[in-house]
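Notes for the one structure printed next.
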2 protein chains.
Amino acid sequence: MILTVTLNTALDLTYRVRSLRPHTTHRVSEVTERPGGKGLNVARVLTALGHRVTVTGFTGGATGGVVRELLALAPGVRDALVPVGGPTRRTVAVVDERTGDTTQLNEPGPTVTHAEWSAFRGAYEDLLASASAVALCGSLPPGVPVGAYAGLVRAARTAGVPVLLDTGGEALRRGVAARPDVIKPNAAELAELTGSHEPSRAVRDARGRGARSVVASLGEAGVLAETPEGRWRAAPPTRLHGNPTGAGDAAVAGLLSALVEGLPWPERLARATALSAASVLAPAAGEFDRGTYEDLLTRTSVTAEATAA
Amino acid sequence: MILTVTLNTALDLTYRVRSLRPHTTHRVSEVTERPGGKGLNVARVLTALGHRVTVTGFTGGATGGVVRELLALAPGVRDALVPVGGPTRRTVAVVDERTGDTTQLNEPGPTVTHAEWSAFRGAYEDLLASASAVALCGSLPPGVPVGAYAGLVRAARTAGVPVLLDTGGEALRRGVAARPDVIKPNAAELAELTGSHEPSRAVRDARGRGARSVVASLGEAGVLAETPEGRWRAAPPTRLHGNPTGAGDAAVAGLLSALVEGLPWPERLARATALSAASVLAPAAGEFDRGTYEDLLTRTSVTAEATAA
């Protein structure tokens, strides 16, 4: 099975309002609840691709209970979330029906105690024993040490399990030094890590910091990958308009599933790009239409690039 | 005991953000959860005044569970909420730390079935048997008939229990025709009910529609009351700056507690006005500082007015 780790799971709420006007009162016309956090989105895409997935991370309180209830309805996802005393955070996406734009409000998440973090570490190492790959996804909740991902990367390498790290900021900076197999920063995370706003230079720099391979997700421009086997750029066939939330998670699912299936880099990148594009066209993170994905896959271009310094 | 009815209870969330900017992503720096809905706020103020209170209405789902847990921590409030299949709604107040302004997002609430409404009616009639007064507060959740408050007013009158109705729109229009003892509209609700933006004329009109007494809460201008015993205006001593959420609920608690204590109208109105003003100065709905309230009470003016047509 593929293991995804979401230390800061969430109950994702989507509120539709006629028009969001600060400092006024709004009736929410429609409420949607779904299990959230990057690793849970990755898991949904992986199961849709036919992989068996186990999700772990922290969950607690009434909101955590709802997350677990909703997860239990998702076929093929095994819930190995570790209980925590504080309540799982909510995220609220307020969709303005007039403009279609979204305003996002993210709670910080529960404070994780030292004992809870130790319990998680133990559970994680047990799960690695039967994992074919692991994805470490998203932000760290309060209380988890900023070097947390570095420890989780090292444990995966010790267990011989390929590990992908998808986070940002200091958590990424510390994690990359522990030599993960793949990191998947977006343009902003890559620039923050390397200090360079030039992706071509930045992916090389990021490899130099310890990542075996770097796959930068560059939005509409597709992905740029710097790997030991070469450098490639993959791009969707057309400009896509839709909901970019979860596009990066779909890319992670594409990379990880193709890695586990033993596919070469160009096919991994094509899958990541097509899944990401199909996810933009779907209404919610972690969803995609299979026909749209398969069509986009045949029309996604992957181009080898020179890796000269 | 005093009974308060909140058909559309809520889990009230307050989010503090640095600055609310539509179409961007915000980290919420602080999350507060409290039991919400007008009748629950009224109950908190009544217990602070030393009255025993029973709360009823509907509650359901994980959010309803949190509301009940938080209520259990409130001393002196007896929980007689009736279970419903759908989840209790959330309300989200987003406080902009830069300006202090609040943006409100209110979920619609669960859809109540015919069987659930019947179960509530039975529970309500049982509770009336030991009630000294009842307050019917707030909006109706989906599924509850728009004439619901009219039925609840009639049942209270049949049981000989004084009944105060605090709602708006069509629910108020239908409810007032059933002859409640008191209605407490704000300026907008009063204008919508009567078609008149002139409070002096509108309170008289509202009595003509069936309310035995009308107490209009007019914000900073205090309250204007039209009763069988006369007409009064009560005003706080100074202009107050603060959080107006819950000021109307504090006024309801003031009116109801003073009614149960057998106080004459001028004292009821002074209490309602001073509690309402003290609540504006408190950080959250249903709260007030006792010293502030007692000081404001001594300085609140109540003036009899001529009731000539």
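Starting from 1 in every chain, residues are counted up; chains themselves are A, B, ... following the order of the structure tokens, and ligands are numbered from 1 as listed.
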What's around Gly57 (chain B) at 10 Å? Count only C-alpha atoms, leave out sequence neighbours fewer than 5 positions away in its own chain, and write the answer as a CSV table (one decimal) with N, CA and C atoms, in the first residue's frame.
chain,number,residue,atom,x,y,z
B,4,THR,N,-36.3,29.1,27.6
B,4,THR,CA,-36.0,29.8,26.3
B,4,THR,C,-35.9,28.8,25.2
B,5,VAL,N,-36.5,29.2,24.1
B,5,VAL,CA,-36.6,28.3,22.9
B,5,VAL,C,-35.7,28.8,21.8
B,6,THR,N,-34.8,28.0,21.3
B,6,THR,CA,-33.9,28.4,20.2
B,6,THR,C,-34.1,27.2,19.2
B,7,LEU,N,-35.0,27.4,18.2
B,7,LEU,CA,-35.2,26.4,17.2
B,7,LEU,C,-34.0,26.2,16.3
B,8,ASN,N,-33.2,27.2,16.1
B,8,ASN,CA,-32.0,27.1,15.2
B,8,ASN,C,-30.8,27.5,16.0
B,9,THR,N,-30.5,26.5,17.0
B,9,THR,CA,-29.2,26.7,17.8
B,9,THR,C,-28.0,26.7,16.8
B,37,GLY,N,-27.1,31.0,19.2
B,37,GLY,CA,-28.5,31.1,18.9
B,37,GLY,C,-29.1,32.0,20.0
B,39,GLY,N,-31.7,32.3,22.0
B,39,GLY,CA,-32.2,31.8,23.2
B,39,GLY,C,-31.1,31.3,24.2
B,40,LEU,N,-30.0,30.8,23.6
B,40,LEU,CA,-28.9,30.4,24.5
B,40,LEU,C,-28.2,31.6,25.1
B,79,ASP,N,-30.3,21.7,30.1
B,79,ASP,CA,-30.3,21.4,28.6
B,79,ASP,C,-31.5,20.4,28.4
B,80,ALA,N,-32.6,21.0,27.7
B,80,ALA,CA,-33.7,20.2,27.3
B,80,ALA,C,-33.9,20.3,25.8
B,81,LEU,N,-32.7,20.3,25.1
B,81,LEU,CA,-32.7,20.4,23.6
B,81,LEU,C,-33.2,19.1,23.0
B,82,VAL,N,-33.9,19.1,21.9
B,82,VAL,CA,-34.5,18.0,21.3
B,82,VAL,C,-33.6,17.5,20.1
B,83,PRO,N,-33.3,16.2,20.1
B,83,PRO,CA,-32.4,15.8,19.0
B,83,PRO,C,-33.0,15.8,17.6
B,84,VAL,N,-32.2,16.1,16.7
B,84,VAL,CA,-32.7,16.2,15.3
B,84,VAL,C,-31.6,15.5,14.4
B,117,TRP,N,-40.5,18.0,14.3
B,117,TRP,CA,-41.2,19.1,14.8
B,117,TRP,C,-42.3,18.7,15.7
B,120,PHE,N,-40.8,18.0,19.1
B,120,PHE,CA,-40.5,19.2,19.8
B,120,PHE,C,-41.7,19.8,20.4
B,121,ARG,N,-42.8,19.8,19.6
B,121,ARG,CA,-44.1,20.4,20.2
B,121,ARG,C,-44.5,19.7,21.5
B,123,ALA,N,-42.5,18.1,23.6
B,123,ALA,CA,-41.5,18.4,24.7
B,123,ALA,C,-41.8,19.8,25.2
B,124,TYR,N,-42.0,20.7,24.3
B,124,TYR,CA,-42.3,22.1,24.7
B,124,TYR,C,-43.5,22.2,25.6
B,136,LEU,N,-39.3,33.0,23.0
B,136,LEU,CA,-39.2,32.3,21.7
B,136,LEU,C,-38.2,33.1,20.9
B,137,CYS,N,-37.1,32.6,20.5
B,137,CYS,CA,-36.0,33.4,20.0
B,137,CYS,C,-35.4,33.0,18.7
Test item: chain A residues at most 9 Å from chain B, counting only C-alpha atoms, as an NGL selection string: :A and (15 or 17 or 20-31 or 62-63 or 65-66 or 93-96 or 101-108)
For the residues in that selection, give me N, CA and C atoms as a JSON list (two decimals), in the first residue's frame.
[["chain", "number", "residue", "atom", "x", "y", "z"],
["A", 15, "TYR", "N", -18.38, 27.16, 1.82],
["A", 15, "TYR", "CA", -19.58, 27.97, 2.00],
["A", 15, "TYR", "C", -19.85, 28.72, 0.70],
["A", 17, "VAL", "N", -21.82, 31.83, -0.85],
["A", 17, "VAL", "CA", -22.56, 33.05, -0.48],
["A", 17, "VAL", "C", -22.81, 33.84, -1.77],
["A", 20, "LEU", "N", -19.45, 38.08, -1.22],
["A", 20, "LEU", "CA", -18.76, 38.30, 0.05],
["A", 20, "LEU", "C", -18.41, 39.77, 0.21],
["A", 21, "ARG", "N", -19.02, 40.41, 1.21],
["A", 21, "ARG", "CA", -18.72, 41.82, 1.48],
["A", 21, "ARG", "C", -18.27, 41.95, 2.92],
["A", 22, "PRO", "N", -16.97, 42.29, 3.13],
["A", 22, "PRO", "CA", -16.46, 42.40, 4.50],
["A", 22, "PRO", "C", -17.33, 43.33, 5.34],
["A", 23, "HIS", "N", -17.43, 42.98, 6.63],
["A", 23, "HIS", "CA", -18.12, 43.79, 7.64],
["A", 23, "HIS", "C", -19.64, 43.79, 7.45],
["A", 24, "THR", "N", -20.17, 42.75, 6.76],
["A", 24, "THR", "CA", -21.61, 42.56, 6.67],
["A", 24, "THR", "C", -21.93, 41.12, 7.10],
["A", 25, "THR", "N", -23.22, 40.81, 7.18],
["A", 25, "THR", "CA", -23.68, 39.47, 7.56],
["A", 25, "THR", "C", -24.16, 38.73, 6.32],
["A", 26, "HIS", "N", -23.77, 37.45, 6.21],
["A", 26, "HIS", "CA", -24.08, 36.65, 5.03],
["A", 26, "HIS", "C", -24.84, 35.40, 5.42],
["A", 27, "ARG", "N", -25.89, 35.08, 4.65],
["A", 27, "ARG", "CA", -26.51, 33.77, 4.75],
["A", 27, "ARG", "C", -25.74, 32.85, 3.84],
["A", 28, "VAL", "N", -25.28, 31.72, 4.39],
["A", 28, "VAL", "CA", -24.60, 30.72, 3.58],
["A", 28, "VAL", "C", -25.68, 29.88, 2.92],
["A", 29, "SER", "N", -25.68, 29.83, 1.57],
["A", 29, "SER", "CA", -26.77, 29.12, 0.89],
["A", 29, "SER", "C", -26.49, 27.62, 0.83],
["A", 30, "GLU", "N", -25.21, 27.22, 0.86],
["A", 30, "GLU", "CA", -24.89, 25.80, 0.74],
["A", 30, "GLU", "C", -23.61, 25.52, 1.50],
["A", 31, "VAL", "N", -23.60, 24.42, 2.26],
["A", 31, "VAL", "CA", -22.44, 24.01, 3.04],
["A", 31, "VAL", "C", -21.98, 22.64, 2.56],
["A", 62, "ALA", "N", -14.45, 16.77, 18.00],
["A", 62, "ALA", "CA", -15.67, 16.53, 17.22],
["A", 62, "ALA", "C", -15.38, 16.67, 15.72],
["A", 63, "THR", "N", -14.53, 17.65, 15.35],
["A", 63, "THR", "CA", -14.20, 17.83, 13.93],
["A", 63, "THR", "C", -13.43, 16.62, 13.42],
["A", 65, "GLY", "N", -13.74, 13.62, 14.53],
["A", 65, "GLY", "CA", -14.73, 12.54, 14.40],
["A", 65, "GLY", "C", -15.45, 12.61, 13.06],
["A", 66, "VAL", "N", -15.79, 13.82, 12.64],
["A", 66, "VAL", "CA", -16.47, 13.98, 11.35],
["A", 66, "VAL", "C", -15.52, 13.59, 10.20],
["A", 93, "ALA", "N", -13.67, 27.62, 3.01],
["A", 93, "ALA", "CA", -13.53, 28.25, 1.70],
["A", 93, "ALA", "C", -14.85, 28.94, 1.39],
["A", 94, "VAL", "N", -14.83, 30.26, 1.29],
["A", 94, "VAL", "CA", -16.05, 31.02, 1.03],
["A", 94, "VAL", "C", -16.08, 31.35, -0.47],
["A", 95, "VAL", "N", -17.04, 30.74, -1.17],
["A", 95, "VAL", "CA", -17.14, 30.93, -2.62],
["A", 95, "VAL", "C", -18.16, 32.04, -2.89],
["A", 96, "ASP", "N", -17.70, 33.06, -3.57],
["A", 96, "ASP", "CA", -18.54, 34.19, -3.96],
["A", 96, "ASP", "C", -19.26, 33.80, -5.26],
["A", 101, "ASP", "N", -14.91, 33.62, -7.18],
["A", 101, "ASP", "CA", -13.66, 33.63, -6.41],
["A", 101, "ASP", "C", -13.85, 33.01, -5.03],
["A", 102, "THR", "N", -12.74, 32.56, -4.46],
["A", 102, "THR", "CA", -12.77, 31.90, -3.16],
["A", 102, "THR", "C", -11.91, 32.66, -2.16],
["A", 103, "THR", "N", -12.44, 32.83, -0.95],
["A", 103, "THR", "CA", -11.70, 33.41, 0.17],
["A", 103, "THR", "C", -11.50, 32.30, 1.19],
["A", 104, "GLN", "N", -10.26, 32.11, 1.60],
["A", 104, "GLN", "CA", -9.92, 30.95, 2.43],
["A", 104, "GLN", "C", -9.59, 31.38, 3.86],
["A", 105, "LEU", "N", -10.15, 30.65, 4.84],
["A", 105, "LEU", "CA", -9.85, 30.88, 6.26],
["A", 105, "LEU", "C", -9.37, 29.56, 6.84],
["A", 106, "ASN", "N", -8.12, 29.50, 7.30],
["A", 106, "ASN", "CA", -7.56, 28.25, 7.79],
["A", 106, "ASN", "C", -7.27, 28.34, 9.29],
["A", 107, "GLU", "N", -7.94, 27.48, 10.08],
["A", 107, "GLU", "CA", -7.62, 27.40, 11.51],
["A", 107, "GLU", "C", -6.22, 26.82, 11.66],
["A", 108, "PRO", "N", -5.55, 27.13, 12.80],
["A", 108, "PRO", "CA", -4.16, 26.69, 12.95],
["A", 108, "PRO", "C", -4.01, 25.19, 13.23]]
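Every protein or nucleic acid residue with an atom no more than 9 Å from Ser279 (chain B), counting only C-alpha atoms and leaving out same-chain residues fewer than 6 positions away, appears here: B:Gly242, B:Asn243, B:Pro244, B:Thr245, B:Gly246, B:Ala247, B:Ala250, B:Ala285, B:Gly286, B:Glu287, B:Phe288, B:Asp289, B:Tyr293.
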Would you save the residues from that selection as a compact mmCIF listing (two decimals), in the first residue's frame, using C-alpha atoms?
# COMPACT_ATOMS: atom_id res chain seq x y z
CA GLY B 242 -18.39 47.83 21.38
CA ASN B 243 -19.89 44.60 20.11
CA PRO B 244 -23.66 44.92 19.44
CA THR B 245 -24.07 41.13 18.91
CA GLY B 246 -26.24 39.81 21.72
CA ALA B 247 -27.40 43.25 22.91
CA ALA B 250 -29.52 40.79 26.91
CA ALA B 285 -22.87 37.67 23.19
CA GLY B 286 -24.51 36.53 26.43
CA GLU B 287 -21.83 38.10 28.63
CA PHE B 288 -21.74 41.28 30.72
CA ASP B 289 -19.78 42.69 33.62
CA TYR B 293 -24.38 46.71 34.51
For region 219-225 of chain B, find every residue with an atom within 9 Å (counting only C-alpha atoms), except residues of its own chain fewer than 4 positions away, and show them as a PDB file with N, CA and C atoms, in the first residue's frame.
ATOM      1  N   ASN B 186     -36.187  44.694  16.711  1.00  0.00           N
ATOM      2  CA  ASN B 186     -35.258  45.815  16.530  1.00  0.00           C
ATOM      3  C   ASN B 186     -35.867  46.748  15.471  1.00  0.00           C
ATOM      4  N   ALA B 187     -35.174  47.831  15.171  1.00  0.00           N
ATOM      5  CA  ALA B 187     -35.749  48.843  14.278  1.00  0.00           C
ATOM      6  C   ALA B 187     -36.112  48.253  12.915  1.00  0.00           C
ATOM      7  N   PRO B 199     -40.585  54.811  14.533  1.00  0.00           N
ATOM      8  CA  PRO B 199     -40.819  53.877  15.643  1.00  0.00           C
ATOM      9  C   PRO B 199     -42.026  54.235  16.488  1.00  0.00           C
ATOM     10  N   SER B 200     -42.263  55.524  16.709  1.00  0.00           N
ATOM     11  CA  SER B 200     -43.359  55.942  17.571  1.00  0.00           C
ATOM     12  C   SER B 200     -44.696  55.453  17.021  1.00  0.00           C
ATOM     13  N   VAL B 203     -44.626  51.132  16.845  1.00  0.00           N
ATOM     14  CA  VAL B 203     -44.913  50.315  18.036  1.00  0.00           C
ATOM     15  C   VAL B 203     -46.424  50.252  18.290  1.00  0.00           C
ATOM     16  N   SER B 213     -47.765  43.823  24.411  1.00  0.00           N
ATOM     17  CA  SER B 213     -46.799  44.899  24.606  1.00  0.00           C
ATOM     18  C   SER B 213     -45.715  44.789  23.536  1.00  0.00           C
ATOM     19  N   VAL B 214     -45.195  45.961  23.149  1.00  0.00           N
ATOM     20  CA  VAL B 214     -44.140  45.990  22.140  1.00  0.00           C
ATOM     21  C   VAL B 214     -42.957  46.744  22.738  1.00  0.00           C
ATOM     22  N   VAL B 215     -41.790  46.108  22.767  1.00  0.00           N
ATOM     23  CA  VAL B 215     -40.574  46.784  23.214  1.00  0.00           C
ATOM     24  C   VAL B 215     -39.616  46.793  22.030  1.00  0.00           C
ATOM     25  N   GLY B 230     -48.998  51.940  29.526  1.00  0.00           N
ATOM     26  CA  GLY B 230     -48.442  53.217  29.107  1.00  0.00           C
ATOM     27  C   GLY B 230     -47.281  53.051  28.138  1.00  0.00           C
ATOM     28  N   ARG B 231     -46.725  54.222  27.749  1.00  0.00           N
ATOM     29  CA  ARG B 231     -45.616  54.221  26.807  1.00  0.00           C
ATOM     30  C   ARG B 231     -44.392  54.828  27.492  1.00  0.00           C
ATOM     31  N   TRP B 232     -43.233  54.177  27.330  1.00  0.00           N
ATOM     32  CA  TRP B 232     -41.990  54.676  27.926  1.00  0.00           C
ATOM     33  C   TRP B 232     -40.850  54.598  26.919  1.00  0.00           C
ATOM     34  N   ARG B 233     -39.881  55.454  27.181  1.00  0.00           N
ATOM     35  CA  ARG B 233     -38.630  55.397  26.431  1.00  0.00           C
ATOM     36  C   ARG B 233     -37.522  55.254  27.468  1.00  0.00           C
ATOM     37  N   ALA B 234     -36.622  54.303  27.270  1.00  0.00           N
ATOM     38  CA  ALA B 234     -35.492  54.129  28.192  1.00  0.00           C
ATOM     39  C   ALA B 234     -34.207  54.253  27.388  1.00  0.00           C
ATOM     40  N   ALA B 235     -33.232  54.977  27.953  1.00  0.00           N
ATOM     41  CA  ALA B 235     -31.991  55.207  27.205  1.00  0.00           C
ATOM     42  C   ALA B 235     -30.788  55.061  28.120  1.00  0.00           C
ATOM     43  N   PRO B 236     -29.680  54.510  27.586  1.00  0.00           N
ATOM     44  CA  PRO B 236     -28.458  54.404  28.383  1.00  0.00           C
ATOM     45  C   PRO B 236     -27.851  55.798  28.563  1.00  0.00           C
ATOM     46  N   THR B 238     -24.835  57.021  28.124  1.00  0.00           N
ATOM     47  CA  THR B 238     -23.851  57.550  27.168  1.00  0.00           C
ATOM     48  C   THR B 238     -23.881  56.703  25.907  1.00  0.00           C
ATOM     49  N   ARG B 239     -23.267  57.233  24.882  1.00  0.00           N
ATOM     50  CA  ARG B 239     -23.056  56.446  23.667  1.00  0.00           C
ATOM     51  C   ARG B 239     -22.051  55.343  23.969  1.00  0.00           C
ATOM     52  N   LEU B 240     -22.319  54.136  23.486  1.00  0.00           N
ATOM     53  CA  LEU B 240     -21.460  53.000  23.807  1.00  0.00           C
ATOM     54  C   LEU B 240     -20.831  52.464  22.545  1.00  0.00           C
ATOM     55  N   PRO B 244     -22.210  44.931  19.272  1.00  0.00           N
ATOM     56  CA  PRO B 244     -23.664  44.915  19.436  1.00  0.00           C
ATOM     57  C   PRO B 244     -24.276  43.517  19.383  1.00  0.00           C
ATOM     58  N   ALA B 247     -26.795  42.163  22.120  1.00  0.00           N
ATOM     59  CA  ALA B 247     -27.401  43.245  22.910  1.00  0.00           C
ATOM     60  C   ALA B 247     -28.911  43.038  23.016  1.00  0.00           C
ATOM     61  N   GLY B 248     -29.536  42.630  21.926  1.00  0.00           N
ATOM     62  CA  GLY B 248     -30.973  42.365  21.939  1.00  0.00           C
ATOM     63  C   GLY B 248     -31.317  41.182  22.843  1.00  0.00           C
ATOM     64  N   TRP B 265     -43.316  48.110  34.632  1.00  0.00           N
ATOM     65  CA  TRP B 265     -42.701  48.341  33.326  1.00  0.00           C
ATOM     66  C   TRP B 265     -41.467  49.248  33.365  1.00  0.00           C
ATOM     67  N   LEU B 269     -37.865  48.026  31.863  1.00  0.00           N
ATOM     68  CA  LEU B 269     -37.212  48.687  30.715  1.00  0.00           C
ATOM     69  C   LEU B 269     -35.822  49.187  31.097  1.00  0.00           C
ATOM     70  N   ALA B 272     -33.611  46.116  31.057  1.00  0.00           N
ATOM     71  CA  ALA B 272     -33.325  45.686  29.688  1.00  0.00           C
ATOM     72  C   ALA B 272     -32.292  46.611  29.036  1.00  0.00           C
ATOM     73  N   THR B 273     -32.445  47.903  29.259  1.00  0.00           N
ATOM     74  CA  THR B 273     -31.558  48.881  28.622  1.00  0.00           C
ATOM     75  C   THR B 273     -30.152  48.797  29.208  1.00  0.00           C
ATOM     76  N   ALA B 274     -30.047  48.692  30.516  1.00  0.00           N
ATOM     77  CA  ALA B 274     -28.726  48.637  31.147  1.00  0.00           C
ATOM     78  C   ALA B 274     -28.007  47.332  30.819  1.00  0.00           C
ATOM     79  N   SER B 276     -28.478  45.523  28.121  1.00  0.00           N
ATOM     80  CA  SER B 276     -28.140  45.611  26.711  1.00  0.00           C
ATOM     81  C   SER B 276     -26.862  46.436  26.536  1.00  0.00           C
ATOM     82  N   ALA B 277     -26.780  47.566  27.258  1.00  0.00           N
ATOM     83  CA  ALA B 277     -25.603  48.433  27.166  1.00  0.00           C
ATOM     84  C   ALA B 277     -24.372  47.735  27.735  1.00  0.00           C
TER      85      ALA B 277
END
So which bits of region 121-294 of chain B end up strand (DSSP E or B) when you DSSP the backbone, as a PDB file with C-alpha atoms, in the first residue's frame?
ATOM      1  CA  ALA B 133     -42.175  32.613  31.464  1.00  0.00           C
ATOM      2  CA  VAL B 134     -40.995  31.620  27.997  1.00  0.00           C
ATOM      3  CA  ALA B 135     -38.917  33.386  25.350  1.00  0.00           C
ATOM      4  CA  LEU B 136     -39.185  32.288  21.706  1.00  0.00           C
ATOM      5  CA  CYS B 137     -35.997  33.421  20.022  1.00  0.00           C
ATOM      6  CA  VAL B 163     -44.582  34.557  26.351  1.00  0.00           C
ATOM      7  CA  LEU B 164     -42.055  36.867  24.687  1.00  0.00           C
ATOM      8  CA  LEU B 165     -41.409  36.552  20.953  1.00  0.00           C
ATOM      9  CA  ASP B 166     -38.110  37.791  19.498  1.00  0.00           C
ATOM     10  CA  VAL B 182     -44.337  40.875  24.483  1.00  0.00           C
ATOM     11  CA  ILE B 183     -42.509  41.230  21.193  1.00  0.00           C
ATOM     12  CA  ASN B 186     -35.258  45.815  16.530  1.00  0.00           C
ATOM     13  CA  SER B 213     -46.799  44.899  24.606  1.00  0.00           C
ATOM     14  CA  VAL B 214     -44.140  45.990  22.140  1.00  0.00           C
ATOM     15  CA  VAL B 215     -40.574  46.784  23.214  1.00  0.00           C
ATOM     16  CA  ALA B 216     -38.571  48.065  20.262  1.00  0.00           C
ATOM     17  CA  SER B 217     -34.792  47.946  20.701  1.00  0.00           C
ATOM     18  CA  VAL B 223     -35.806  51.072  23.879  1.00  0.00           C
ATOM     19  CA  LEU B 224     -39.302  52.350  23.157  1.00  0.00           C
ATOM     20  CA  ALA B 225     -42.133  50.418  24.829  1.00  0.00           C
ATOM     21  CA  GLU B 226     -45.842  50.524  24.050  1.00  0.00           C
ATOM     22  CA  THR B 227     -47.823  48.615  26.715  1.00  0.00           C
ATOM     23  CA  GLY B 230     -48.442  53.217  29.107  1.00  0.00           C
ATOM     24  CA  ARG B 231     -45.616  54.221  26.807  1.00  0.00           C
ATOM     25  CA  TRP B 232     -41.990  54.676  27.926  1.00  0.00           C
ATOM     26  CA  ARG B 233     -38.630  55.397  26.431  1.00  0.00           C
ATOM     27  CA  ALA B 234     -35.492  54.129  28.192  1.00  0.00           C
ATOM     28  CA  ALA B 235     -31.991  55.207  27.205  1.00  0.00           C
TER      29      ALA B 235
END
Residues within 10 Å of region 147-151 of chain A, please, as a compact mmCIF listing (two decimals) with N, CA and C atoms, in the first residue's frame. Count only C-alpha atoms; anything in the same chain fewer than 2 positions from it doesn't count.
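Output file out.txt is given in full below:
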# COMPACT_ATOMS: atom_id res chain seq x y z
N LEU A 7 -0.11 15.52 8.89
CA LEU A 7 -0.01 15.82 10.33
C LEU A 7 -1.10 16.81 10.74
N TRP A 117 3.27 13.24 19.80
CA TRP A 117 4.22 13.17 18.69
C TRP A 117 5.01 11.86 18.74
N ARG A 121 5.15 8.83 15.95
CA ARG A 121 6.41 8.30 15.38
C ARG A 121 6.42 6.77 15.39
N LEU A 136 4.71 12.66 2.48
CA LEU A 136 4.61 13.51 3.67
C LEU A 136 4.07 14.85 3.21
N CYS A 137 2.87 15.22 3.69
CA CYS A 137 2.13 16.30 3.03
C CYS A 137 1.66 17.40 3.96
N LEU A 140 2.77 21.75 9.37
CA LEU A 140 2.91 21.11 10.68
C LEU A 140 1.95 21.78 11.66
N VAL A 144 4.35 20.37 16.94
CA VAL A 144 5.22 19.41 16.25
C VAL A 144 6.53 20.11 15.93
N PRO A 145 7.67 19.50 16.25
CA PRO A 145 8.96 20.18 16.02
C PRO A 145 9.17 20.51 14.54
N VAL A 153 11.53 11.53 7.08
CA VAL A 153 12.25 11.17 5.85
C VAL A 153 13.33 10.13 6.18
N ARG A 154 14.09 10.39 7.25
CA ARG A 154 15.17 9.45 7.62
C ARG A 154 14.61 8.07 7.94
N ALA A 155 13.47 8.03 8.66
CA ALA A 155 12.87 6.74 9.02
C ALA A 155 12.46 5.97 7.76
N ALA A 156 11.92 6.69 6.77
CA ALA A 156 11.51 6.03 5.52
C ALA A 156 12.74 5.50 4.79
N ARG A 157 13.81 6.29 4.75
CA ARG A 157 15.03 5.85 4.06
C ARG A 157 15.62 4.62 4.76
N LEU A 165 8.25 14.40 -0.26
CA LEU A 165 7.94 15.45 0.72
C LEU A 165 7.29 16.62 0.00
N ASP A 166 6.08 17.00 0.44
CA ASP A 166 5.35 18.13 -0.16
C ASP A 166 4.95 19.09 0.94
N THR A 167 5.82 20.05 1.19
CA THR A 167 5.53 21.06 2.20
C THR A 167 6.27 22.33 1.81
N GLU A 170 10.08 26.51 6.49
CA GLU A 170 11.17 25.92 7.27
C GLU A 170 11.05 24.40 7.34
N ALA A 171 9.79 23.88 7.33
CA ALA A 171 9.58 22.42 7.36
C ALA A 171 10.21 21.78 6.13
N LEU A 172 10.11 22.45 4.98
CA LEU A 172 10.72 21.95 3.74
C LEU A 172 12.24 22.08 3.83
N ARG A 173 12.70 23.24 4.30
CA ARG A 173 14.15 23.48 4.37
C ARG A 173 14.84 22.40 5.22
N ARG A 174 14.22 22.08 6.38
CA ARG A 174 14.81 21.06 7.25
C ARG A 174 14.64 19.67 6.65
N GLY A 175 13.46 19.44 6.04
CA GLY A 175 13.17 18.11 5.51
C GLY A 175 14.06 17.74 4.34
N VAL A 176 14.37 18.71 3.49
CA VAL A 176 15.13 18.41 2.27
C VAL A 176 16.55 17.98 2.63
N ALA A 177 17.05 18.48 3.75
CA ALA A 177 18.41 18.13 4.16
C ALA A 177 18.53 16.66 4.56
N ALA A 178 17.39 16.02 4.84
CA ALA A 178 17.39 14.60 5.21
C ALA A 178 17.34 13.69 3.98
N ARG A 179 17.42 14.31 2.78
CA ARG A 179 17.55 13.57 1.52
C ARG A 179 16.32 12.74 1.12
N PRO A 180 15.17 13.38 0.98
CA PRO A 180 13.99 12.65 0.47
C PRO A 180 14.20 12.28 -1.00
CA of Ala131 (chain A) to CA of Leu297 (chain A), distance in Å rounded to a single decimal: 27.0 Å
All alpha helix (DSSP H) residues (DSSP, backbone) inside region 78-274 of chain A, as a VMD selection string: chain A and resid 114 to 128 148 to 158 169 to 176 187 to 194 199 to 208 247 to 260 265 to 274
d(CA of Ala253 (chain A), CA of Ala43 (chain A)) in Å: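 According to the coordinates, CA of Ala253 (chain A) and CA of Ala43 (chain A) are separated by 7.3 Å.
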